[in-house]
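Peer 1: I am attaching a structure below and will ask some questions about it afterwards.
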Number of protein chains: 2
Amino acid sequence: MTTISDGEEIVFEQPCPIRDVLDRIGNQWSLLILEALAPGTLRFNALMREIGDISKQMLSRTLKQLEQDGFITRTLYPEVPPRVEYALTDLGRSFLEPMQQLVAWAESHHRAIVEARTRYQANPEQR
Amino acid sequence: MTTISDGEEIVFEQPCPIRDVLDRIGNQWSLLILEALAPGTLRFNALMREIGDISKQMLSRTLKQLEQDGFITRTLYPEVPPRVEYALTDLGRSFLEPMQQLVAWAESHHRAIVEARTRYQANPEQR
DNA sequence: CGGCATCCAACTCGATACTG
DNA sequence: CAGTATCGAGTTGGATGCCG
């Protein structure tokens, strides 16, 4: 499992594609960032505002991961003050489709899940 | 964020359906268990063998979560020795489709991701 | 503005041992 | 057989603060 920490030592093992991919995009932030970039290019602080409750740290780390995995591009304009724009790559855009399927499923079944949890709590039978 | 720990105090907040769902099924084990149960009912130890490298702990915990969220059913046959069977619910089965879309995407784009990582490592330009 | 480094609390996950 | 309890190492992720 690859770590998201600040360290430089990045190791790629993970024989299983699904685990590998899910390790990366399975965290909440990656999905949210990808969604935020779906309409178009955004700058760092614009992303922060768009997502709302993400810290600079996590945004920075997750963006780096997504760039590393080829989901997004990072373009630095050497101006003062610096401007950095993030955009989806073709790979990132192609991922949007299965992802949105999942999001749609989550939205339409969320109620059922919440109800299942309530039911479970109400029946502490043979547990 | 709901915890998976052993504690009894389970809190449901999570206003966002996607985060909520991903928090639960975003971990490697949930997906693997759901896949393992796709062909049909399985017992606890059969699941362990099927998945391979999961510990009893994590299997037990994750199964409980999946049951709680209504993805699977747990049927205890009061025999000696005890027999417990796990099976997908309709909800769980309905989740299989978007999930398999994602798995398919992961499989067909895994190479591209690995290549992106390699490319990234090879170009430590302005970083 | 964009983003790393540091510190730290919380949580995850596995190993092991014990139970009905 | 099918778990739960306990312990402990390792990760994650947020809060700051500094820097170009």
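Just so we're on the same page: first chain in the structure tokens is A, next is B, and so on; residues restart at 1 for each chain, and ligands are numbered from 1 in the order they show up.
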Output the contact residues of chain C with respect to chain A at a cut-off of 7 Å, based on only C-alpha atoms (C1' of nucleotides), as a list in words.

Peer 2: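 In the required form, that comes to DC1, DG2 and DG3 of chain C.
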
Peer 1: May I have the residues from that selection written out with all heavy atoms, as a PDB file, in the first residue's frame?

Peer 2:
ATOM      1  P    DC C   1      -4.221  35.429  -2.154  1.00  0.00           P
ATOM      2  OP1  DC C   1      -5.596  35.595  -2.627  1.00  0.00           O
ATOM      3  OP2  DC C   1      -4.062  34.844  -0.824  1.00  0.00           O
ATOM      4  O5'  DC C   1      -3.552  34.464  -3.199  1.00  0.00           O
ATOM      5  C5'  DC C   1      -3.417  34.775  -4.566  1.00  0.00           C
ATOM      6  C4'  DC C   1      -2.454  33.729  -5.089  1.00  0.00           C
ATOM      7  O4'  DC C   1      -1.154  33.951  -4.462  1.00  0.00           O
ATOM      8  C3'  DC C   1      -2.880  32.307  -4.748  1.00  0.00           C
ATOM      9  O3'  DC C   1      -2.791  31.518  -5.921  1.00  0.00           O
ATOM     10  C2'  DC C   1      -1.894  31.844  -3.665  1.00  0.00           C
ATOM     11  C1'  DC C   1      -0.685  32.753  -3.858  1.00  0.00           C
ATOM     12  N1   DC C   1      -0.041  33.113  -2.568  1.00  0.00           N
ATOM     13  C2   DC C   1       1.307  32.786  -2.386  1.00  0.00           C
ATOM     14  O2   DC C   1       1.920  32.211  -3.290  1.00  0.00           O
ATOM     15  N3   DC C   1       1.906  33.098  -1.219  1.00  0.00           N
ATOM     16  C4   DC C   1       1.227  33.723  -0.260  1.00  0.00           C
ATOM     17  N4   DC C   1       1.874  34.018   0.882  1.00  0.00           N
ATOM     18  C5   DC C   1      -0.142  34.087  -0.424  1.00  0.00           C
ATOM     19  C6   DC C   1      -0.734  33.757  -1.584  1.00  0.00           C
ATOM     20  P    DG C   2      -3.407  30.128  -6.029  1.00  0.00           P
ATOM     21  OP1  DG C   2      -3.667  29.815  -7.440  1.00  0.00           O
ATOM     22  OP2  DG C   2      -4.517  30.059  -5.074  1.00  0.00           O
ATOM     23  O5'  DG C   2      -2.201  29.204  -5.544  1.00  0.00           O
ATOM     24  C5'  DG C   2      -1.024  29.191  -6.338  1.00  0.00           C
ATOM     25  C4'  DG C   2       0.068  28.411  -5.629  1.00  0.00           C
ATOM     26  O4'  DG C   2       0.447  29.086  -4.416  1.00  0.00           O
ATOM     27  C3'  DG C   2      -0.369  26.999  -5.210  1.00  0.00           C
ATOM     28  O3'  DG C   2       0.676  26.118  -5.555  1.00  0.00           O
ATOM     29  C2'  DG C   2      -0.556  27.145  -3.704  1.00  0.00           C
ATOM     30  C1'  DG C   2       0.548  28.128  -3.384  1.00  0.00           C
ATOM     31  N9   DG C   2       0.419  28.817  -2.114  1.00  0.00           N
ATOM     32  C8   DG C   2      -0.716  29.312  -1.514  1.00  0.00           C
ATOM     33  N7   DG C   2      -0.489  29.878  -0.364  1.00  0.00           N
ATOM     34  C5   DG C   2       0.890  29.748  -0.181  1.00  0.00           C
ATOM     35  C6   DG C   2       1.725  30.164   0.884  1.00  0.00           C
ATOM     36  O6   DG C   2       1.397  30.748   1.912  1.00  0.00           O
ATOM     37  N1   DG C   2       3.059  29.836   0.654  1.00  0.00           N
ATOM     38  C2   DG C   2       3.521  29.189  -0.462  1.00  0.00           C
ATOM     39  N2   DG C   2       4.834  28.955  -0.507  1.00  0.00           N
ATOM     40  N3   DG C   2       2.757  28.790  -1.473  1.00  0.00           N
ATOM     41  C4   DG C   2       1.456  29.100  -1.266  1.00  0.00           C
ATOM     42  P    DG C   3       0.433  24.559  -5.557  1.00  0.00           P
ATOM     43  OP1  DG C   3       1.258  23.899  -6.569  1.00  0.00           O
ATOM     44  OP2  DG C   3      -1.008  24.320  -5.520  1.00  0.00           O
ATOM     45  O5'  DG C   3       1.100  24.217  -4.164  1.00  0.00           O
ATOM     46  C5'  DG C   3       2.514  24.426  -4.150  1.00  0.00           C
ATOM     47  C4'  DG C   3       3.038  24.270  -2.787  1.00  0.00           C
ATOM     48  O4'  DG C   3       2.618  25.354  -1.954  1.00  0.00           O
ATOM     49  C3'  DG C   3       2.518  22.990  -2.097  1.00  0.00           C
ATOM     50  O3'  DG C   3       3.577  22.288  -1.518  1.00  0.00           O
ATOM     51  C2'  DG C   3       1.634  23.561  -1.032  1.00  0.00           C
ATOM     52  C1'  DG C   3       2.439  24.799  -0.689  1.00  0.00           C
ATOM     53  N9   DG C   3       1.779  25.687   0.243  1.00  0.00           N
ATOM     54  C8   DG C   3       0.451  26.015   0.344  1.00  0.00           C
ATOM     55  N7   DG C   3       0.166  26.775   1.362  1.00  0.00           N
ATOM     56  C5   DG C   3       1.399  26.963   1.983  1.00  0.00           C
ATOM     57  C6   DG C   3       1.730  27.684   3.145  1.00  0.00           C
ATOM     58  O6   DG C   3       0.984  28.311   3.898  1.00  0.00           O
ATOM     59  N1   DG C   3       3.094  27.620   3.416  1.00  0.00           N
ATOM     60  C2   DG C   3       4.007  26.944   2.659  1.00  0.00           C
ATOM     61  N2   DG C   3       5.273  26.981   3.073  1.00  0.00           N
ATOM     62  N3   DG C   3       3.719  26.259   1.566  1.00  0.00           N
ATOM     63  C4   DG C   3       2.402  26.310   1.287  1.00  0.00           C
TER      64       DG C   3
END

Peer 1: Enumerate the residues of chain A with a DSSP assignment of strand (DSSP E or B), computed from the backbone, and present them as a ChimeraX atom specification.

Peer 2: /A:42-43,72-77,83-88

Peer 1: Considering only C-alpha atoms (C1' of nucleotides), state which residue in the set A:Thr62, A:Ser55, A:Arg74, A:Glu107 is at the smallest distance from chain D.

Peer 2: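 Residue with the minimum atom-to-atom distance to chain D: A:Ser55.
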
Peer 1: Contacts from chain B to chain A, 10 Å maximum, only C-alpha atoms: show me the residue list as a PyMOL selection string.

Peer 2: chain B and resi 10+12+16-23+25-29+31-32+65-71+76+91+94-95+97-121+126

Peer 1: Please report, as a PyMOL selection string, each residue of chain A to which DSSP assigns alpha helix (DSSP H) when run on this structure's backbone.

Peer 2: chain A and resi 17-25+28-37+44-51+56-68+90-122

Peer 1: Report as a PDB file with N, CA and C atoms, in the first residue's frame all protein, DNA and RNA residues lying within 8 Å of Ala87 of chain A, evaluated on only C-alpha atoms (C1' of nucleotides), omitting residues in the same chain fewer than 4 positions from it.

Peer 2:
ATOM      1  N   LEU A  37     -13.141  19.478 -10.425  1.00  0.00           N
ATOM      2  CA  LEU A  37     -12.439  19.830 -11.657  1.00  0.00           C
ATOM      3  C   LEU A  37     -13.213  19.451 -12.918  1.00  0.00           C
ATOM      4  N   GLY A  40     -14.155  22.281 -15.234  1.00  0.00           N
ATOM      5  CA  GLY A  40     -13.037  22.955 -15.886  1.00  0.00           C
ATOM      6  C   GLY A  40     -11.896  23.260 -14.935  1.00  0.00           C
ATOM      7  N   THR A  41     -10.886  23.905 -15.483  1.00  0.00           N
ATOM      8  CA  THR A  41      -9.669  24.247 -14.756  1.00  0.00           C
ATOM      9  C   THR A  41      -9.960  25.089 -13.514  1.00  0.00           C
ATOM     10  N   LEU A  42      -9.176  24.816 -12.457  1.00  0.00           N
ATOM     11  CA  LEU A  42      -9.302  25.604 -11.233  1.00  0.00           C
ATOM     12  C   LEU A  42      -7.940  25.840 -10.596  1.00  0.00           C
ATOM     13  N   ILE A  72      -4.717  14.347 -13.223  1.00  0.00           N
ATOM     14  CA  ILE A  72      -4.782  15.791 -13.427  1.00  0.00           C
ATOM     15  C   ILE A  72      -3.427  16.336 -13.860  1.00  0.00           C
ATOM     16  N   THR A  73      -3.450  17.535 -14.426  1.00  0.00           N
ATOM     17  CA  THR A  73      -2.208  18.232 -14.749  1.00  0.00           C
ATOM     18  C   THR A  73      -2.082  19.440 -13.840  1.00  0.00           C
ATOM     19  N   ARG A  74      -0.845  19.796 -13.586  1.00  0.00           N
ATOM     20  CA  ARG A  74      -0.558  20.965 -12.765  1.00  0.00           C
ATOM     21  C   ARG A  74       0.267  21.925 -13.618  1.00  0.00           C
TER      22      ARG A  74
END

Peer 1: What residues in chain D lie within 10 Å of chain B, counting only C-alpha atoms (C1' of nucleotides), written as a PyMOL selection string?

Peer 2: chain D and resi 1-5

Peer 1: Show which residues sit within 8 Å of segment 7-15 of chain D, as a list in words. Count only C-alpha atoms (C1' of nucleotides), and ignore same-chain residues fewer than 4 positions away.

Peer 2: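 Once the nearby chain positions are removed, what remains is Thr3, Ser55 and Met58 of chain A; DC11 and DT12 of chain C.
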
Peer 1: Ranking B:Arg49, B:Glu35, B:Ile54, B:Thr75 by minimum distance to DC13 of chain C and counting only C-alpha atoms (C1' of nucleotides), which one comes first?

Peer 2: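 That would be B:Ile54, the residue with the smallest distance to DC13 of chain C.
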
Peer 1: Any idea what the distance is between atom CA of Tyr86 of chain B and atom CA of Arg24 of chain A?

Peer 2: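 Result for atom CA of Tyr86 of chain B versus atom CA of Arg24 of chain A: 28.8 Å, one decimal.
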